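Shown below: final.tsv, with TSV, C-alpha atoms.
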chain	number	residue	atom	x	y	z
A	1	MET	CA	26.88	23.51	-1.98
A	2	ILE	CA	30.58	24.28	-1.43
A	3	VAL	CA	32.94	22.07	0.61
A	4	SER	CA	35.83	23.68	2.45
A	5	THR	CA	37.68	23.51	5.77
A	6	SER	CA	38.33	25.53	8.87
A	7	THR	CA	40.81	28.36	8.36
A	8	SER	CA	44.45	27.31	7.86
A	9	ALA	CA	43.43	23.65	8.18
A	10	PRO	CA	46.23	21.05	8.30
A	11	GLU	CA	46.81	18.84	5.29
A	12	PRO	CA	44.88	15.78	6.58
A	13	ILE	CA	41.74	17.91	7.06
A	14	GLN	CA	42.15	19.36	3.57
A	15	LYS	CA	42.45	15.82	2.17
A	16	THR	CA	39.31	14.73	4.02
A	17	ALA	CA	37.42	17.73	2.65
A	18	SER	CA	38.64	17.12	-0.89
A	19	ASP	CA	37.60	13.45	-0.73
A	20	LEU	CA	34.22	14.35	0.72
A	21	ALA	CA	33.60	16.90	-2.01
A	22	GLN	CA	34.34	14.26	-4.61
A	23	ASP	CA	31.92	11.83	-2.93
A	24	LEU	CA	29.21	14.50	-2.88
A	25	ASN	CA	29.95	15.72	-6.41
A	26	ALA	CA	30.47	19.21	-5.00
A	27	PRO	CA	33.32	21.69	-5.52
A	28	TYR	CA	36.13	21.75	-2.96
A	29	ILE	CA	37.49	25.21	-2.19
A	30	TYR	CA	40.83	25.79	-0.49
A	31	ARG	CA	39.92	28.25	2.21
A	32	ASP	CA	43.26	29.52	3.53
A	33	ARG	CA	42.28	32.45	5.80
A	34	LYS	CA	39.03	33.52	4.16
A	35	THR	CA	36.13	34.34	6.47
A	36	LEU	CA	32.70	32.78	6.10
A	37	ALA	CA	31.40	36.12	4.83
A	38	GLN	CA	34.04	36.10	2.09
A	39	LEU	CA	33.13	32.54	1.09
A	40	PHE	CA	29.42	33.39	0.91
A	41	GLN	CA	30.25	36.45	-1.19
A	42	ASP	CA	32.61	34.57	-3.50
A	43	TYR	CA	30.14	31.75	-4.14
A	44	GLU	CA	26.91	33.74	-4.22
A	45	GLY	CA	25.33	32.42	-1.04
A	46	GLU	CA	25.83	28.71	-1.67
A	47	PRO	CA	25.50	26.60	1.50
A	48	LEU	CA	28.88	25.81	3.03
A	49	LEU	CA	29.95	22.39	4.32
A	50	ILE	CA	33.03	22.93	6.49
A	51	VAL	CA	35.28	20.04	7.53
A	52	THR	CA	36.90	20.56	10.93
A	53	SER	CA	38.81	18.40	13.39
A	54	GLU	CA	35.56	18.18	15.43
A	55	GLY	CA	33.46	17.00	12.48
A	56	LEU	CA	31.28	18.55	9.78
A	57	LYS	CA	29.66	21.95	10.17
A	58	ALA	CA	27.07	23.31	7.75
A	59	TYR	CA	26.18	26.95	7.19
A	60	GLY	CA	23.14	28.18	5.35
A	61	PRO	CA	23.19	31.44	3.36
A	62	GLY	CA	23.75	34.34	5.73
A	63	ASN	CA	23.79	32.07	8.79
A	64	ARG	CA	26.90	32.28	10.97
A	65	THR	CA	25.67	29.64	13.42
A	66	PRO	CA	26.73	26.19	12.25
A	67	LEU	CA	24.61	23.10	12.02
A	68	PHE	CA	26.42	20.08	13.42
A	69	PHE	CA	25.34	16.60	14.39
A	70	HIS	CA	24.13	15.89	17.90
A	71	PRO	CA	21.75	13.15	19.09
A	72	GLY	CA	19.57	15.71	20.86
A	73	MET	CA	16.75	14.33	22.97
A	74	SER	CA	17.25	10.79	21.67
A	75	LYS	CA	19.71	10.11	24.49
A	76	VAL	CA	17.20	11.10	27.17
A	77	ARG	CA	14.46	9.10	25.45
A	78	ILE	CA	16.57	5.96	25.21
A	79	LYS	CA	17.50	6.28	28.88
A	80	ARG	CA	13.80	6.44	29.72
A	81	LEU	CA	13.06	3.38	27.60
A	82	LEU	CA	15.87	1.48	29.35
A	83	LYS	CA	14.14	2.29	32.65
A	84	GLY	CA	10.86	0.87	31.34
A	85	ASP	CA	9.16	4.18	30.55
A	86	ASN	CA	7.08	4.78	27.42
A	87	ASP	CA	7.88	6.95	24.39
A	88	ARG	CA	5.07	8.74	22.54
A	89	MET	CA	6.54	8.23	19.10
A	90	ILE	CA	7.22	4.54	19.67
A	91	GLU	CA	3.67	4.06	20.97
A	92	ALA	CA	2.17	5.90	17.99
A	93	CYS	CA	4.17	3.71	15.61
A	94	GLN	CA	3.52	0.56	17.65
A	95	LEU	CA	7.14	-0.21	16.89
A	96	GLN	CA	8.48	-3.65	17.82
A	97	LYS	CA	11.79	-5.46	17.85
A	98	GLY	CA	12.62	-6.72	14.37
A	99	ASP	CA	10.51	-4.12	12.50
A	100	ARG	CA	11.56	-2.38	9.31
A	101	PHE	CA	11.16	1.37	9.93
A	102	LEU	CA	11.37	4.15	7.35
A	103	ASP	CA	11.86	7.73	8.53
A	104	ALA	CA	10.84	9.68	5.44
A	105	THR	CA	11.83	13.08	6.89
A	106	LEU	CA	15.10	12.31	8.68
A	107	GLY	CA	16.18	15.78	9.77
A	108	MET	CA	18.63	15.44	12.66
A	109	ALA	CA	17.66	11.77	13.12
A	110	ALA	CA	16.59	11.89	16.78
A	111	ASP	CA	13.44	9.82	16.13
A	112	SER	CA	15.36	7.37	13.94
A	113	ILE	CA	17.91	6.83	16.70
A	114	VAL	CA	15.16	5.93	19.16
A	115	ALA	CA	13.52	3.70	16.55
A	116	ALA	CA	16.82	1.92	15.88
A	117	HIS	CA	17.16	1.23	19.58
A	118	VAL	CA	13.68	-0.30	19.73
A	119	VAL	CA	13.84	-2.45	16.58
A	120	GLY	CA	17.30	-3.69	17.55
A	121	GLU	CA	19.77	-5.61	15.44
A	122	GLU	CA	16.97	-7.82	14.14
A	123	GLY	CA	15.21	-4.84	12.55
A	124	SER	CA	16.29	-1.99	10.31
A	125	VAL	CA	15.96	1.79	10.18
A	126	THR	CA	16.31	3.78	6.97
A	127	GLY	CA	16.27	7.57	6.95
A	128	LEU	CA	15.55	9.72	3.90
A	129	GLU	CA	16.85	13.29	3.67
A	130	ALA	CA	16.33	15.35	0.53
A	131	VAL	CA	18.75	18.15	1.44
A	132	GLN	CA	22.26	17.09	0.46
A	133	ILE	CA	24.19	19.16	2.99
A	134	LEU	CA	21.96	18.03	5.86
A	135	SER	CA	22.21	14.41	4.76
A	136	ALA	CA	26.02	14.69	4.71
A	137	VAL	CA	26.23	16.12	8.23
A	138	VAL	CA	23.82	13.61	9.75
A	139	SER	CA	25.08	10.48	7.98
A	140	ARG	CA	28.67	11.24	8.98
A	141	GLY	CA	27.62	12.13	12.52
A	142	LEU	CA	25.66	8.91	13.00
A	143	GLN	CA	28.77	6.91	12.16
A	144	GLU	CA	31.34	8.97	14.06
A	145	TYR	CA	29.62	10.46	17.13
A	146	GLN	CA	31.01	9.00	20.36
A	147	ASP	CA	28.90	8.64	23.49
A	148	SER	CA	29.26	6.84	26.79
A	149	LEU	CA	25.70	5.42	26.50
A	150	LYS	CA	26.42	2.26	24.54
A	151	PRO	CA	22.81	1.54	23.42
A	152	LEU	CA	22.63	5.06	21.95
A	153	GLN	CA	25.85	4.67	20.00
A	154	GLU	CA	24.88	1.21	18.76
A	155	ALA	CA	21.52	2.54	17.56
A	156	MET	CA	23.16	5.40	15.67
A	157	ARG	CA	25.50	3.04	13.82
A	158	ARG	CA	22.61	0.90	12.57
A	159	ILE	CA	20.79	3.70	10.72
A	160	LYS	CA	21.06	3.79	6.94
A	161	VAL	CA	20.83	7.30	5.48
A	162	ILE	CA	19.79	7.86	1.86
A	163	GLN	CA	19.97	11.29	0.27
A	164	THR	CA	16.76	11.50	-1.76
A	165	ASP	CA	13.26	12.89	-1.60
A	166	ALA	CA	10.64	10.59	-0.11
A	167	LEU	CA	8.32	10.38	-3.11
A	168	THR	CA	11.09	9.32	-5.51
A	169	TYR	CA	12.24	6.67	-3.06
A	170	LEU	CA	8.80	5.28	-2.24
A	171	LYS	CA	7.87	4.93	-5.90
A	172	LYS	CA	10.75	2.46	-6.27
A	173	CYS	CA	9.75	0.37	-3.24
A	174	PRO	CA	7.68	-2.82	-3.49
A	175	ASP	CA	4.34	-3.08	-1.72
A	176	HIS	CA	4.43	-3.59	2.07
A	177	TYR	CA	8.23	-3.25	2.19
A	178	TYR	CA	8.33	-1.43	5.54
A	179	ASP	CA	6.35	-2.18	8.68
A	180	VAL	CA	6.07	1.51	9.62
A	181	ILE	CA	6.62	4.68	7.62
A	182	TYR	CA	7.06	7.86	9.64
A	183	PHE	CA	6.83	11.56	8.75
A	184	ASP	CA	7.90	14.44	10.98
A	185	PRO	CA	8.09	17.62	8.88
A	186	MET	CA	7.96	19.75	12.03
A	187	PHE	CA	11.72	20.25	12.24
A	188	ARG	CA	11.46	22.40	9.12
A	189	GLU	CA	9.50	24.97	11.17
A	190	THR	CA	11.34	24.57	14.46
A	191	VAL	CA	11.43	27.48	16.85
A	192	GLU	CA	14.02	25.94	19.15
A	193	LYS	CA	17.03	28.15	19.77
A	194	SER	CA	19.59	25.51	20.73
A	195	THR	CA	22.79	25.61	18.71
A	196	PRO	CA	22.35	22.23	16.93
A	197	ILE	CA	18.74	22.89	15.86
A	198	ALA	CA	18.21	26.56	14.99
A	199	PRO	CA	20.34	26.55	11.78
A	200	LEU	CA	17.94	24.04	10.22
A	201	ARG	CA	15.71	26.93	9.24
A	202	SER	CA	18.19	28.16	6.61
A	203	LEU	CA	19.03	24.70	5.25
A	204	ALA	CA	15.88	22.58	5.30
A	205	ARG	CA	13.19	22.36	2.67
A	206	GLY	CA	9.74	23.54	3.68
A	207	GLU	CA	7.37	21.94	1.21
A	208	PRO	CA	4.22	20.42	2.75
A	209	LEU	CA	3.57	16.70	2.41
A	210	THR	CA	1.43	15.81	-0.60
A	211	VAL	CA	-1.52	13.47	-0.95
A	212	GLU	CA	0.45	11.55	-3.59
A	213	LEU	CA	3.29	11.00	-1.13
A	214	ILE	CA	0.94	9.65	1.54
A	215	GLU	CA	-0.72	7.35	-1.00
A	216	GLU	CA	2.67	5.89	-1.86
A	217	ALA	CA	3.41	5.48	1.85
A	218	ARG	CA	0.13	3.59	2.30
A	219	ARG	CA	1.17	1.21	-0.47
A	220	VAL	CA	4.68	0.61	0.87
A	221	ALA	CA	3.83	0.33	4.59
A	222	ARG	CA	2.66	-2.98	6.01
A	223	ARG	CA	1.11	-1.91	9.34
A	224	ARG	CA	0.83	1.86	9.61
A	225	VAL	CA	1.84	5.30	8.43
A	226	VAL	CA	2.48	7.86	11.18
A	227	LEU	CA	2.61	11.66	11.03
A	228	LYS	CA	3.80	14.01	13.76
A	229	GLU	CA	2.28	17.47	13.40
A	230	ARG	CA	0.90	20.48	15.19
A	231	LYS	CA	-2.56	19.57	16.34
A	232	LYS	CA	-4.34	22.50	14.73
A	233	SER	CA	-2.37	22.59	11.48
A	234	GLY	CA	-5.12	20.89	9.48
A	235	GLU	CA	-2.61	18.44	8.00
A	236	PHE	CA	-4.14	15.36	9.62
A	237	GLU	CA	-7.51	16.05	8.06
A	238	ARG	CA	-6.06	17.03	4.69
A	239	LEU	CA	-3.94	13.89	4.41
A	240	GLY	CA	-6.37	11.38	5.90
A	241	PHE	CA	-4.82	10.57	9.30
A	242	ASP	CA	-6.69	9.63	12.47
A	243	ILE	CA	-5.53	11.88	15.32
A	244	LEU	CA	-4.26	10.29	18.51
A	245	ASP	CA	-4.91	11.92	21.92
A	246	ALA	CA	-6.87	14.74	20.29
A	247	ASP	CA	-8.08	15.92	23.69
A	248	SER	CA	-4.61	16.43	25.20
A	249	ASN	CA	-3.10	19.87	25.75
A	250	ALA	CA	0.10	19.11	23.86
A	251	SER	CA	0.91	21.48	21.00
A	252	PHE	CA	1.67	18.58	18.69
A	253	THR	CA	0.42	15.05	18.36
A	254	TYR	CA	0.55	12.01	16.11
A	255	GLY	CA	-1.79	10.90	13.37
A	256	ILE	CA	-1.93	7.34	12.12
A	257	ILE	CA	-3.20	5.43	9.11
A	258	ARG	CA	-3.82	1.80	10.07
A	259	LEU	CA	-3.23	-0.70	7.29

Mind converting the file's structure to structure tokens?
Amino acid sequence: MIVSTSTSAPEPIQKTASDLAQDLNAPYIYRDRKTLAQLFQDYEGEPLLIVTSEGLKAYGPGNRTPLFFHPGMSKVRIKRLLKGDNDRMIEACQLQKGDRFLDATLGMAADSIVAAHVVGEEGSVTGLEAVQILSAVVSRGLQEYQDSLKPLQEAMRRIKVIQTDALTYLKKCPDHYYDVIYFDPMFRETVEKSTPIAPLRSLARGEPLTVELIEEARRVARRRVVLKERKKSGEFERLGFDILDADSNASFTYGIIRL
């Protein structure tokens, strides 16, 4: 991963980029007027993390559409919850105020934002993201994104992001440390074409969940482990999850392991 700035960036932006590169243990490159194509060529297709006055933008190899933080559908979902409506993910997790929630596949953090709203200040939400550049964009965005919906912004600020793979993290956790552990690897195969989501395909890891990972999740979770997946993927059966609403027409659903 290479850290740089927008073209001809002012000195404060260059300083921010240099400091960020140091924090991430990544090289900082003074961009001047180089194009993205020139940067990709010079650094052999390394992902690019670009610091701009509007925030961080990430580019995967050969991808000219940037990934940037946006709360996505979490805003709509929180508005619905405030009106007293239900949320499928929250129902699958049986999430309650004060719970400790681990999102083991953070992605763009939309589910974690909704979870943070539900568990409130009394609870906690931790998100794990193995891809360094994605973790950098999302963790910074959660702390800096401004929105007029106060409950959304408050929820974003309460999320703790850790850049690590889920198995490594879970192996270090004590038994029953989290109330709910959640997996949503679907964003790695997203077909959405919206600007904030499509670039994930060139940045995210695509490895399937392993039986060992789910076994560790069973040990660390206190109440349940939840998986969001395509209904006919075969992953629920392979990993030992009970499928919820198996008879619905939705393309995806949730599987749970009750503990």

- Message: At a cut-off of 8 Å, using all atoms listed in the file, what residues contact Thr126 of chain A? Leave out same-chain residues fewer than 2 positions from it and give the result as a ChimeraX atom specification.
- Response: /A:101-103,112,124,128,159-162

For segment 233-248 of chain A, please output as a JSON list (two decimals) with C-alpha atoms, in the coordinates of the input all residues within 9 Å (counting only C-alpha atoms; exclusion window: fewer than 2 positions along the same chain).
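Saved to part_3.json:
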[["chain", "number", "residue", "atom", "x", "y", "z"],
["A", 92, "ALA", "CA", 2.17, 5.90, 17.99],
["A", 208, "PRO", "CA", 4.22, 20.42, 2.75],
["A", 209, "LEU", "CA", 3.57, 16.70, 2.41],
["A", 210, "THR", "CA", 1.43, 15.81, -0.60],
["A", 211, "VAL", "CA", -1.52, 13.47, -0.95],
["A", 214, "ILE", "CA", 0.94, 9.65, 1.54],
["A", 225, "VAL", "CA", 1.84, 5.30, 8.43],
["A", 226, "VAL", "CA", 2.48, 7.86, 11.18],
["A", 227, "LEU", "CA", 2.61, 11.66, 11.03],
["A", 229, "GLU", "CA", 2.28, 17.47, 13.40],
["A", 230, "ARG", "CA", 0.90, 20.48, 15.19],
["A", 231, "LYS", "CA", -2.56, 19.57, 16.34],
["A", 250, "ALA", "CA", 0.10, 19.11, 23.86],
["A", 251, "SER", "CA", 0.91, 21.48, 21.00],
["A", 253, "THR", "CA", 0.42, 15.05, 18.36],
["A", 254, "TYR", "CA", 0.55, 12.01, 16.11],
["A", 255, "GLY", "CA", -1.79, 10.90, 13.37],
["A", 256, "ILE", "CA", -1.93, 7.34, 12.12],
["A", 257, "ILE", "CA", -3.20, 5.43, 9.11],
["A", 258, "ARG", "CA", -3.82, 1.80, 10.07]]

- Kindly provide, as an MDAnalysis selection string, the polymer residues lying within 12 Å of (27.1, 19.1, -5.9), counting all atoms listed in the file and using the coordinates exactly as they appear in the file. chainID A and resid 1:3 20:28 46:49 131:133 136

- A:Ala130, A:Val76, A:Leu39, A:Ile50: which is nearest Ile13 of chain A, counting only C-alpha atoms? A:Ile50

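Taking atom CA of Gln14 of chain A as the reference point, atom CA of Thr52 of chain A is found at 9.1 Å.
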
- Between atom CA of Gly141 of chain A and atom CA of Met108 of chain A, what is the distance, to one decimal in Å? 9.6 Å

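A straight line drawn from atom CA of Ala58 of chain A to atom CA of Ile29 of chain A is 14.5 Å long.
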
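Here the question is which of A:Ala37, A:Gly123, A:Tyr43, A:Lys150 gets nearest to Asn63 of chain A using all atoms listed in the file, and that residue is A:Ala37.
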
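In this comparison, which uses all atoms listed in the file, the residue of A:Leu95, A:Ile181, A:Ala17, A:Ala217 approaching Gly120 of chain A most closely is A:Leu95.
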
- Determine, counting all atoms listed in the file, which protein, DNA and RNA residues have an atom within 9 Å of an atom of Glu144 of chain A; residues of the same chain fewer than 3 positions away are not included. Present the result as a list in words. Gly55, Ser139, Arg140, Gly141 and Arg157 of chain A

Working from the structure I just supplied, which lacks atoms in segment 70-82 of chain A, can you model N, CA and C atoms there and output them as a PDB file, keeping the file's coordinate frame?
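Final output, part_23.pdb:
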ATOM      1  N   HIS A  70      24.243  16.183  16.478  1.00  0.00           N
ATOM      2  CA  HIS A  70      24.130  15.890  17.900  1.00  0.00           C
ATOM      3  C   HIS A  70      22.885  15.030  18.087  1.00  0.00           C
ATOM      4  N   PRO A  71      22.923  14.020  18.952  1.00  0.00           N
ATOM      5  CA  PRO A  71      21.750  13.150  19.090  1.00  0.00           C
ATOM      6  C   PRO A  71      20.549  13.791  19.749  1.00  0.00           C
ATOM      7  N   GLY A  72      20.710  14.990  20.300  1.00  0.00           N
ATOM      8  CA  GLY A  72      19.570  15.710  20.860  1.00  0.00           C
ATOM      9  C   GLY A  72      18.872  14.938  21.969  1.00  0.00           C
ATOM     10  N   MET A  73      17.538  14.974  21.924  1.00  0.00           N
ATOM     11  CA  MET A  73      16.750  14.330  22.970  1.00  0.00           C
ATOM     12  C   MET A  73      16.717  12.811  22.856  1.00  0.00           C
ATOM     13  N   SER A  74      17.287  12.257  21.811  1.00  0.00           N
ATOM     14  CA  SER A  74      17.250  10.790  21.670  1.00  0.00           C
ATOM     15  C   SER A  74      17.956  10.108  22.833  1.00  0.00           C
ATOM     16  N   LYS A  75      18.994  10.716  23.366  1.00  0.00           N
ATOM     17  CA  LYS A  75      19.710  10.110  24.490  1.00  0.00           C
ATOM     18  C   LYS A  75      18.814  10.017  25.723  1.00  0.00           C
ATOM     19  N   VAL A  76      18.122  11.103  26.028  1.00  0.00           N
ATOM     20  CA  VAL A  76      17.200  11.100  27.170  1.00  0.00           C
ATOM     21  C   VAL A  76      16.086  10.083  26.951  1.00  0.00           C
ATOM     22  N   ARG A  77      15.567  10.018  25.743  1.00  0.00           N
ATOM     23  CA  ARG A  77      14.460   9.100  25.450  1.00  0.00           C
ATOM     24  C   ARG A  77      14.887   7.641  25.552  1.00  0.00           C
ATOM     25  N   ILE A  78      16.087   7.335  25.098  1.00  0.00           N
ATOM     26  CA  ILE A  78      16.570   5.960  25.210  1.00  0.00           C
ATOM     27  C   ILE A  78      16.816   5.594  26.678  1.00  0.00           C
ATOM     28  N   LYS A  79      17.327   6.529  27.446  1.00  0.00           N
ATOM     29  CA  LYS A  79      17.500   6.280  28.880  1.00  0.00           C
ATOM     30  C   LYS A  79      16.164   5.963  29.544  1.00  0.00           C
ATOM     31  N   ARG A  80      15.126   6.685  29.151  1.00  0.00           N
ATOM     32  CA  ARG A  80      13.800   6.440  29.720  1.00  0.00           C
ATOM     33  C   ARG A  80      13.282   5.065  29.314  1.00  0.00           C
ATOM     34  N   LEU A  81      13.494   4.703  28.054  1.00  0.00           N
ATOM     35  CA  LEU A  81      13.060   3.380  27.600  1.00  0.00           C
ATOM     36  C   LEU A  81      13.811   2.274  28.345  1.00  0.00           C
ATOM     37  N   LEU A  82      15.086   2.475  28.610  1.00  0.00           N
ATOM     38  CA  LEU A  82      15.870   1.480  29.350  1.00  0.00           C
ATOM     39  C   LEU A  82      15.352   1.307  30.780  1.00  0.00           C
TER      40      LEU A  82
END
